[in-house]
>>> print(open('run-v1.txt').read())   # compact mmCIF, C-alpha atoms
# COMPACT_ATOMS: atom_id res chain seq x y z
CA CYS A 529 202.84 108.54 -59.58
CA ILE A 530 202.12 110.58 -56.47
CA ASP A 531 202.11 113.83 -58.45
CA GLY A 532 199.47 112.31 -60.75
CA LEU A 533 197.37 111.26 -57.77
CA ILE A 534 197.66 114.75 -56.28
CA LEU A 535 196.45 116.23 -59.58
CA ALA A 536 193.43 113.94 -59.41
CA HIS A 537 192.86 114.46 -55.65
CA PRO A 538 194.41 117.78 -54.60
CA GLU A 539 192.45 117.89 -51.33
CA ALA A 540 193.88 114.60 -49.99
CA PRO A 541 196.36 115.48 -47.21
CA ALA A 542 197.77 111.94 -47.09
CA LEU A 543 198.98 112.24 -50.67
CA HIS A 544 200.85 115.45 -49.87
CA TRP A 545 202.41 113.73 -46.83
CA HIS A 546 203.56 110.78 -48.94
CA ARG A 547 204.94 113.17 -51.55
CA ALA A 548 207.00 115.01 -48.91
CA ASN A 549 208.38 111.70 -47.64
CA CYS A 550 209.23 110.57 -51.16
CA LEU A 551 210.99 113.88 -51.84
CA GLU A 552 213.04 113.34 -48.69
CA ALA A 553 213.96 109.79 -49.74
CA LEU A 554 214.94 111.11 -53.18
CA GLU A 555 217.05 113.80 -51.47
CA ARG A 556 215.10 116.56 -53.22
CA TYR A 557 215.22 118.62 -50.03
CA ALA A 558 214.43 122.03 -51.54
CA GLU A 559 211.01 120.71 -52.64
CA ILE A 560 209.98 119.35 -49.24
CA ALA A 561 208.96 122.60 -47.53
CA PRO A 562 206.59 123.67 -50.33
CA ALA A 563 205.04 120.18 -50.37
CA LEU A 564 204.50 120.38 -46.62
CA ASP A 565 203.04 123.87 -46.96
CA GLN A 566 200.38 122.39 -49.26
CA LEU A 567 199.65 119.66 -46.73
CA LEU A 568 199.49 122.08 -43.80
CA ALA A 569 197.09 124.29 -45.76
CA LEU A 570 194.74 121.29 -45.85
CA GLN A 571 195.48 119.90 -42.39
CA PRO A 572 197.11 122.61 -40.23
CA ASP A 573 197.30 120.53 -37.04
CA TYR A 574 199.16 117.53 -38.47
CA VAL A 575 202.07 117.43 -36.03
CA PRO A 576 204.49 115.25 -38.04
CA ALA A 577 204.17 117.69 -40.96
CA ILE A 578 204.74 120.71 -38.70
CA VAL A 579 207.89 119.10 -37.31
CA LYS A 580 209.20 118.03 -40.72
CA ARG A 581 208.47 121.54 -42.04
CA VAL A 582 210.76 122.96 -39.34
CA ARG A 583 213.46 120.41 -40.19
CA PHE A 584 213.49 121.57 -43.80
CA ALA A 585 212.70 125.26 -43.26
CA ASP A 586 216.12 126.52 -44.30
CA VAL A 587 216.72 124.21 -47.25
CA GLY A 588 216.62 125.88 -50.63
CA HIS A 589 216.76 129.44 -49.34
CA ASP A 590 220.43 130.18 -49.98
CA ASP A 591 220.98 133.56 -51.56
CA LEU A 592 222.84 133.37 -54.83
CA ASP A 593 224.37 136.81 -54.29
CA ASP A 594 226.07 135.57 -51.11
CA CYS A 595 228.44 133.62 -53.35
CA ALA A 596 229.39 136.56 -55.52
CA ASP A 597 233.07 137.47 -55.68
CA ASN A 598 234.50 140.98 -55.67
CA VAL A 599 232.00 142.62 -53.35
CA SER A 600 233.00 145.54 -51.21
CA SER A 601 233.48 145.08 -47.49
CA THR A 602 230.51 147.39 -46.92
CA GLU A 603 228.32 145.24 -49.15
CA GLN A 604 229.57 142.06 -47.47
CA ALA A 605 228.81 143.55 -44.04
CA ARG A 606 225.27 144.39 -45.22
CA ARG A 607 224.81 140.83 -46.51
CA ASP A 608 226.08 139.42 -43.23
CA ARG A 609 223.62 141.57 -41.25
CA ASP A 610 220.75 140.55 -43.54
CA HIS A 611 221.69 136.89 -43.21
CA ALA A 612 221.85 137.17 -39.40
CA ALA A 613 218.46 138.90 -39.29
CA ARG A 614 216.91 136.18 -41.48
CA ALA A 615 218.44 133.48 -39.29
CA VAL A 616 216.98 135.03 -36.12
CA ALA A 617 213.56 135.41 -37.76
CA GLN A 618 213.64 131.78 -38.98
CA SER A 619 214.68 130.60 -35.51
CA GLN A 620 211.72 132.44 -33.99
CA ARG A 621 209.32 130.95 -36.56
CA ASN A 622 210.73 127.48 -35.88
CA GLU A 623 210.31 127.96 -32.14
CA MET A 624 206.71 129.09 -32.58
CA ASP A 625 205.89 126.14 -34.87
CA LEU A 626 207.51 123.61 -32.55
CA ARG A 627 205.76 125.00 -29.48
CA ARG A 628 202.48 124.71 -31.40
CA ALA A 629 203.28 121.12 -32.34
CA LEU A 630 204.05 120.32 -28.70
CA THR A 631 200.76 121.90 -27.64
CA LEU A 632 199.02 119.50 -30.00
CA ASP A 633 201.19 116.50 -29.01
CA PRO A 634 203.30 117.04 -25.86
CA ASN A 635 205.09 113.71 -26.34
CA GLN A 636 206.34 114.32 -29.88
CA VAL A 637 209.99 113.36 -29.44
CA GLU A 638 211.30 114.95 -32.62
CA ALA A 639 209.61 118.26 -31.76
CA LEU A 640 211.15 118.17 -28.28
CA HIS A 641 214.59 117.50 -29.75
CA LEU A 642 214.32 120.18 -32.45
CA LEU A 643 213.01 122.80 -30.01
CA SER A 644 215.88 121.97 -27.67
CA ASN A 645 218.31 122.65 -30.53
CA VAL A 646 216.54 125.83 -31.62
CA LEU A 647 216.76 127.26 -28.12
CA ARG A 648 220.29 126.01 -27.45
CA TYR A 649 221.91 127.26 -30.62
CA ARG A 650 220.12 130.57 -31.05
CA GLU A 651 222.59 132.39 -28.80
CA PRO A 652 224.89 130.53 -26.42
CA GLY A 653 224.45 131.35 -22.76
CA ARG A 654 220.93 132.75 -23.07
CA VAL A 655 218.24 132.03 -20.53
CA GLU A 656 216.78 129.31 -22.78
CA GLN A 657 219.66 126.92 -21.92
CA PRO A 658 217.89 125.30 -18.94
CA GLU A 659 214.71 124.88 -20.99
CA ALA A 660 216.72 123.39 -23.87
CA ASP A 661 218.33 120.90 -21.49
CA ALA A 662 214.95 119.99 -19.98
CA LEU A 663 213.44 119.43 -23.45
CA LEU A 664 216.27 117.10 -24.42
CA GLU A 665 215.91 115.18 -21.16
CA ARG A 666 212.15 114.85 -21.73
CA ALA A 667 212.75 113.53 -25.25
CA ILE A 668 215.19 110.97 -23.84
CA SER A 669 212.74 109.93 -21.14
CA ILE A 670 210.10 109.26 -23.82
CA ALA A 671 212.48 107.53 -26.25
CA PRO A 672 215.39 106.20 -24.17
CA MET A 673 216.68 103.98 -26.98
CA ARG A 674 217.15 106.79 -29.51
CA VAL A 675 220.89 106.88 -29.96
CA ASP A 676 220.87 110.35 -31.55
CA LEU A 677 219.31 111.82 -28.41
CA LEU A 678 221.79 110.06 -26.13
CA ASP A 679 224.63 111.20 -28.36
CA ALA A 680 223.38 114.80 -28.23
CA ARG A 681 223.31 114.69 -24.43
CA ALA A 682 226.80 113.13 -24.29
CA THR A 683 228.19 115.74 -26.67
CA LEU A 684 226.70 118.56 -24.59
CA SER A 685 228.10 117.05 -21.39
CA ARG A 686 231.52 116.64 -22.95
CA SER A 687 231.49 120.22 -24.26
CA SER A 688 230.44 121.53 -20.88
CA ALA A 689 233.22 119.59 -19.14
CA LEU A 690 235.81 120.86 -21.62
CA ARG A 691 234.71 124.47 -21.04
CA ARG A 692 235.01 123.99 -17.27
CA ASP A 693 238.45 122.35 -17.62
CA SER A 694 239.86 125.07 -19.83
CA GLY A 695 239.45 127.80 -17.22
CA PRO A 696 242.24 130.09 -16.00
CA ASP A 697 243.32 127.66 -13.25
CA ASN A 698 244.07 124.83 -15.67
CA THR A 699 247.12 125.72 -17.72
CA ASP A 700 249.56 123.49 -19.48
CA THR A 701 252.57 125.13 -17.91
CA VAL A 702 254.96 123.14 -15.81
CA LYS A 703 255.50 124.40 -12.29
CA THR A 704 259.07 124.51 -11.11
CA PHE A 705 260.03 124.41 -7.46
>>> encode(input="run-v1.txt", output="structure tokens")
Amino acid sequence: CIDGLILAHPEAPALHWHRANCLEALERYAEIAPALDQLLALQPDYVPAIVKRVRFADVGHDDLDDCADNVSSTEQARRDRDHAARAVAQSQRNEMDLRRALTLDPNQVEALHLLSNVLRYREPGRVEQPEADALLERAISIAPMRVDLLDARATLSRSSALRRDSGPDNTDTVKTF
């Protein structure tokens, strides 16, 4: 029904937004990004669409040749490098889009959470870690009842504590006197 309405009214951004949400509900994830691209072409500053576009940016872009058997180690190394370069480029695009969304709506919780993840998981230990932590804390301060945000903070705290506890001073050896 929505596709028919879009054919009749292709310049109606709301129809494209509803289509993207329907595609998500139908678990047709590979079709969401193109639907959002159509919406953002009509309404480039629609923050929920920018954020959802980032969420589904990687869906449907798997390379078929990555699954091929019997490739040489040289070819596999080239594929791995290409995949890593694409992942870095996508991460940078996602960061840029999320920062733009937050410029338009600084209290957009999902954008804060996604940007925190983009910065945190790009490369562990990079200088973005404090900013990633601050973004997650800001998201929690805006939406303190969102369990997924609280769970993310708890998981990060637990991981940090485990890393500290597994240092060279903490061994499982028994001391004998």
>>> atom_distance(input="run-v1.txt", atom1="CA of Leu570 in chain A", atom2="CA of Ile534 in chain A")
12.7 Å
>>> closest_residue(input="run-v1.txt", among="A:Cys550, A:Ala569, A:Ile668, A:Ala639", to="Pro538 in chain A", atoms="only C-alpha atoms")
A:Ala569
>>> closest_residue(input="run-v1.txt", among="A:Gln604, A:Asn635, A:Asn645, A:Ser685", to="Ser669 in chain A", atoms="all atoms listed in the file")
A:Asn635
>>> closest_residue(input="run-v1.txt", among="A:Pro658, A:Gln571, A:Asn622, A:Arg581", to="Glu552 in chain A", atoms="all atoms listed in the file")
A:Arg581
>>> closest_residue(input="run-v1.txt", among="A:Leu643, A:Val587, A:Ala671, A:Leu535", to="Leu630 in chain A", atoms="all atoms listed in the file")
A:Leu643
>>> atom_distance(input="run-v1.txt", atom1="CA of Leu626 in chain A", atom2="CA of Ile578 in chain A")
7.3 Å
>>> atom_distance(input="run-v1.txt", atom1="CA of Pro672 in chain A", atom2="CA of Gln636 in chain A")
13.4 Å
>>> residues_around(input="run-v1.txt", residues="Pro562 in chain A", least_positions_apart="4", cutoff="9 Å", atoms="only C-alpha atoms", output="PDB file with C-alpha atoms, keeping the file's coordinate frame")
ATOM      1  CA  ALA A 548     207.000 115.010 -48.910  1.00  0.00           C
ATOM      2  CA  ALA A 558     214.430 122.030 -51.540  1.00  0.00           C
ATOM      3  CA  GLN A 566     200.380 122.390 -49.260  1.00  0.00           C
ATOM      4  CA  LEU A 567     199.650 119.660 -46.730  1.00  0.00           C
ATOM      5  CA  ARG A 581     208.470 121.540 -42.040  1.00  0.00           C
TER       6      ARG A 581
END
>>> closest_residue(input="run-v1.txt", among="A:Phe584, A:Cys529, A:Ala689, A:Pro572", to="Glu555 in chain A", atoms="only C-alpha atoms")
A:Phe584
>>> closest_residue(input="run-v1.txt", among="A:Ala667, A:Ala577, A:Ala617, A:Ala662", to="His641 in chain A", atoms="all atoms listed in the file")
A:Ala667
>>> residues_around(input="run-v1.txt", residues="Asn549 in chain A", least_positions_apart="3", cutoff="12 Å", atoms="only C-alpha atoms", output="list in words")
Ile530, Ala542, Leu543, His544, Trp545, His546, Glu552, Ala553, Leu554, Glu555, Arg556, Tyr557, Glu559, Ile560, Ala561, Ala563, Leu564, Leu567, Pro576, Ala577, Lys580, Arg581 and Phe584 of chain A
>>> build_atoms(input="run-v1.txt", residues="range 565-590 of chain A", atoms="N, CA, C and O atoms", output="short mmCIF file (atom, residue, chain, number, x, y, z; two decimals), in the coordinates of the input")
data_model
loop_
_atom_site.label_atom_id
_atom_site.label_comp_id
_atom_site.auth_asym_id
_atom_site.auth_seq_id
_atom_site.Cartn_x
_atom_site.Cartn_y
_atom_site.Cartn_z
N ASP A 565 203.92 122.70 -47.04
CA ASP A 565 203.04 123.87 -46.96
C ASP A 565 201.67 123.54 -47.55
O ASP A 565 200.63 123.95 -47.00
N GLN A 566 201.65 122.79 -48.66
CA GLN A 566 200.38 122.39 -49.26
C GLN A 566 199.61 121.48 -48.31
O GLN A 566 198.39 121.63 -48.15
N LEU A 567 200.29 120.55 -47.69
CA LEU A 567 199.65 119.66 -46.73
C LEU A 567 199.10 120.44 -45.54
O LEU A 567 197.95 120.25 -45.13
N LEU A 568 199.92 121.33 -44.99
CA LEU A 568 199.49 122.08 -43.80
C LEU A 568 198.36 123.06 -44.11
O LEU A 568 197.58 123.41 -43.22
N ALA A 569 198.24 123.47 -45.37
CA ALA A 569 197.09 124.29 -45.76
C ALA A 569 195.80 123.48 -45.66
O ALA A 569 194.73 124.01 -45.34
N LEU A 570 195.90 122.18 -45.92
CA LEU A 570 194.74 121.29 -45.85
C LEU A 570 194.50 120.76 -44.44
O LEU A 570 193.36 120.55 -44.04
N GLN A 571 195.58 120.51 -43.71
CA GLN A 571 195.48 119.90 -42.39
C GLN A 571 196.50 120.60 -41.46
O GLN A 571 197.57 120.06 -41.19
N PRO A 572 196.15 121.78 -40.96
CA PRO A 572 197.11 122.61 -40.23
C PRO A 572 197.61 122.03 -38.91
O PRO A 572 198.66 122.44 -38.43
N ASP A 573 196.91 121.09 -38.34
CA ASP A 573 197.30 120.53 -37.04
C ASP A 573 197.99 119.17 -37.14
O ASP A 573 198.10 118.46 -36.15
N TYR A 574 198.48 118.81 -38.30
CA TYR A 574 199.16 117.53 -38.47
C TYR A 574 200.59 117.68 -37.97
O TYR A 574 201.48 118.20 -38.64
N VAL A 575 200.82 117.21 -36.75
CA VAL A 575 202.07 117.43 -36.03
C VAL A 575 203.30 116.91 -36.78
O VAL A 575 204.30 117.62 -36.88
N PRO A 576 203.28 115.69 -37.32
CA PRO A 576 204.49 115.25 -38.04
C PRO A 576 204.87 116.19 -39.19
O PRO A 576 206.06 116.41 -39.45
N ALA A 577 203.88 116.77 -39.86
CA ALA A 577 204.17 117.69 -40.96
C ALA A 577 204.73 119.01 -40.42
O ALA A 577 205.63 119.59 -41.03
N ILE A 578 204.21 119.48 -39.31
CA ILE A 578 204.74 120.71 -38.70
C ILE A 578 206.20 120.51 -38.35
O ILE A 578 207.05 121.37 -38.64
N VAL A 579 206.52 119.38 -37.74
CA VAL A 579 207.89 119.10 -37.31
C VAL A 579 208.81 118.95 -38.52
O VAL A 579 209.90 119.53 -38.56
N LYS A 580 208.37 118.21 -39.52
CA LYS A 580 209.20 118.03 -40.72
C LYS A 580 209.38 119.37 -41.44
O LYS A 580 210.46 119.66 -41.98
N ARG A 581 208.37 120.21 -41.40
CA ARG A 581 208.47 121.54 -42.04
C ARG A 581 209.58 122.35 -41.37
O ARG A 581 210.35 123.03 -42.03
N VAL A 582 209.68 122.27 -40.05
CA VAL A 582 210.76 122.96 -39.34
C VAL A 582 212.11 122.37 -39.74
O VAL A 582 213.07 123.11 -39.97
N ARG A 583 212.19 121.05 -39.82
CA ARG A 583 213.46 120.41 -40.19
C ARG A 583 213.98 120.89 -41.54
O ARG A 583 215.19 121.00 -41.74
N PHE A 584 213.08 121.18 -42.45
CA PHE A 584 213.49 121.57 -43.80
C PHE A 584 213.22 123.05 -44.10
O PHE A 584 213.20 123.45 -45.25
N ALA A 585 213.04 123.85 -43.08
CA ALA A 585 212.70 125.26 -43.26
C ALA A 585 213.78 126.04 -43.98
O ALA A 585 213.47 126.93 -44.78
N ASP A 586 215.03 125.74 -43.73
CA ASP A 586 216.12 126.52 -44.30
C ASP A 586 216.63 125.99 -45.63
O ASP A 586 217.41 126.66 -46.30
N VAL A 587 216.21 124.82 -46.03
CA VAL A 587 216.72 124.21 -47.25
C VAL A 587 216.15 124.92 -48.46
O VAL A 587 214.96 125.17 -48.55
N GLY A 588 217.05 125.26 -49.38
CA GLY A 588 216.62 125.88 -50.63
C GLY A 588 216.45 127.37 -50.57
O GLY A 588 215.97 127.98 -51.51
N HIS A 589 216.89 127.99 -49.46
CA HIS A 589 216.76 129.44 -49.34
C HIS A 589 218.09 130.15 -49.34
O HIS A 589 218.22 131.25 -48.84
N ASP A 590 219.12 129.53 -49.90
CA ASP A 590 220.43 130.18 -49.98
C ASP A 590 220.36 131.30 -51.00
O ASP A 590 219.80 131.15 -52.08
#
